[in-house]
Amino acid sequence: MDVVTIGETMALFTPNEEGMLRHALSFSMKFGGAESNIAIGLSRLGHRSRWISRLGEDEFGDAMLSFIRGEGVDVSFVTRDQSASTGVFFKEFRRLNDTRVYYYRKDSAASRMGAEWLEEDSISDAKYLHITGITPALSISCREMLEKAILIAKGNGTKIVFDPNLRLKIWRDEEEARQVIKKFASESNLVLPGISEAEFLFGRLTPEEYVEKFHDLGIETVIMKLGKQGALISSPSVPMTRIPGFLVERVVDPVGAGDAFAAGVLSGLLDGISLEEAVLRGNAMGAMVTMVNGDAEGLPTRSDLSSFLSGCLDDVTR
């Protein structure tokens, strides 16, 4: 297995009209979740990915499992809960460049995941374990599960990739969120923070200073996401370097861009290309996803990605 991800995915309802959600008369159902987005993104690029989660024994869970399995993702370690429901969330396209998200995930089936439920062989055969800061915010049991996942990964030589993916609405306390995210980051080989997340953790600093702060936590490789400006990378083999982003004339839906970026970076590392090239691939995938409505719908195939890169390299922001 190339990459294993663990986390909650929810049924996503998107209004068929733009404007405030209160005026929406009809919705389209899709599925969205950081971890499954990454698993799907990797699968579309020809890698082997596994998504671990827990779903309600309901129609949303049935449809979601069918969809993710249909994308070529291994779902053999997904379990079902008869007494809890699959989470749902709504997007609101209020106006251009103003997309809002509303979650209804309290006491969902995924929030009941726990350490006793996680099997070692679900992770032990993977090259990378990808986790986010969303999962430990769902419940104490989910946090304990991720701690066990990290122990399994370290015991089997699996590299750990952590995306803070800060969602303050689901944390009980900001200081708790800060300490837990730092803890999981410090256990990881590679972290993928954004500027706003780094500011939450360390206060207002420059991107270069943020990178140094993450290194101070003991993290080998830091990839700081800078939005349309690209990314700033630093590792033992690569001195601090800025990788340019790609110009997008019209952003249709920004949600999921960070997940596409992570999938692109992991894909590049799996392919054995340089860290700089892997991050450029991540930047390209992040840009491509913003052009399509939906979390996973815009994730490219390898041929789509190749065409985009060959046609757009002159348009990277410098």
# chains A, B, ... in the order shown; residues from 1 in each chain; ligands from 1
$ closest_atom_pairs --of "region 149-243 of chain A" --to "region 103-121 of chain A" --cutoff "12 Å" --atoms "only C-alpha atoms" --output "Markdown table"
| residue | atom | partner | partner_atom | distance |
| --- | --- | --- | --- | --- |
| A:Ala149 | CA | A:Leu118 | CA | 7.5 |
| A:Ile150 | CA | A:Glu120 | CA | 10.6 |
| A:Leu151 | CA | A:Glu120 | CA | 9.6 |
| A:Ile152 | CA | A:Glu120 | CA | 6.3 |
| A:Ala153 | CA | A:Glu120 | CA | 8.8 |
| A:Lys154 | CA | A:Glu120 | CA | 11.5 |
| A:Gly155 | CA | A:Glu120 | CA | 10.0 |
| A:Asn156 | CA | A:Glu120 | CA | 9.6 |
| A:Thr158 | CA | A:Glu120 | CA | 12.0 |
| A:Arg167 | CA | A:Tyr103 | CA | 10.5 |
| A:Leu168 | CA | A:Tyr103 | CA | 12.0 |
| A:Lys169 | CA | A:Tyr103 | CA | 9.1 |
| A:Ile170 | CA | A:Lys106 | CA | 8.6 |
| A:Trp171 | CA | A:Lys106 | CA | 11.4 |
$ write_last_selection --atoms "C-alpha atoms" --output "tab-separated table (two decimals), in the first residue's frame"
chain	number	residue	atom	x	y	z
A	149	ALA	CA	-1.87	4.89	14.38
A	150	ILE	CA	1.37	6.84	14.84
A	151	LEU	CA	2.83	4.09	17.02
A	152	ILE	CA	1.94	1.48	14.40
A	153	ALA	CA	3.45	3.60	11.64
A	154	LYS	CA	6.69	4.19	13.52
A	155	GLY	CA	6.94	0.51	14.40
A	156	ASN	CA	6.70	-0.46	10.74
A	158	THR	CA	5.83	4.08	7.67
A	167	ARG	CA	-11.20	23.69	12.11
A	168	LEU	CA	-11.70	25.78	15.24
A	169	LYS	CA	-15.48	25.27	15.20
A	170	ILE	CA	-15.07	21.63	16.25
A	171	TRP	CA	-12.50	22.22	18.99
$ residues_around --residues "Ile181 (chain A)" --least-positions-apart "2" --cutoff "12 Å" --atoms "only C-alpha atoms" --output "NGL selection string"
:A and (131-137 or 143 or 146 or 162-168 or 171 or 174-179 or 183-188 or 191-193 or 197-198 or 200-202 or 214 or 217)
$ residues_around --residues "region 8-25 of chain A" --least-positions-apart "6" --cutoff "10 Å" --atoms "only C-alpha atoms" --output "VMD selection string"
chain A and resid 31 to 37 51 to 55 60 to 61 63 to 65 86 to 96 98 to 105 108 to 111 113 134 to 135 138 293 to 295
$ closest_residue --among "A:Gly227, A:Ala296, A:Val251, A:Thr301" --to "Asn283 (chain A)" --atoms "only C-alpha atoms"
A:Gly227
$ atom_distance --atom1 "CA of Thr290 (chain A)" --atom2 "CA of Ser196 (chain A)"
18.8 Å
$ select_by_dssp --residues "region 28-259 of chain A" --states "alpha helix (DSSP H)" --output "PyMOL selection string"
chain A and resi 34-44+59-70+135-138+140-155+174-186+195-202+207-216+257-259
$ select_by_dssp --residues "region 57-182 of chain A" --states "strand (DSSP E or B)" --output "VMD selection string"
chain A and resid 74 79 to 81 88 to 95 98 to 104 128 to 132 159 to 163
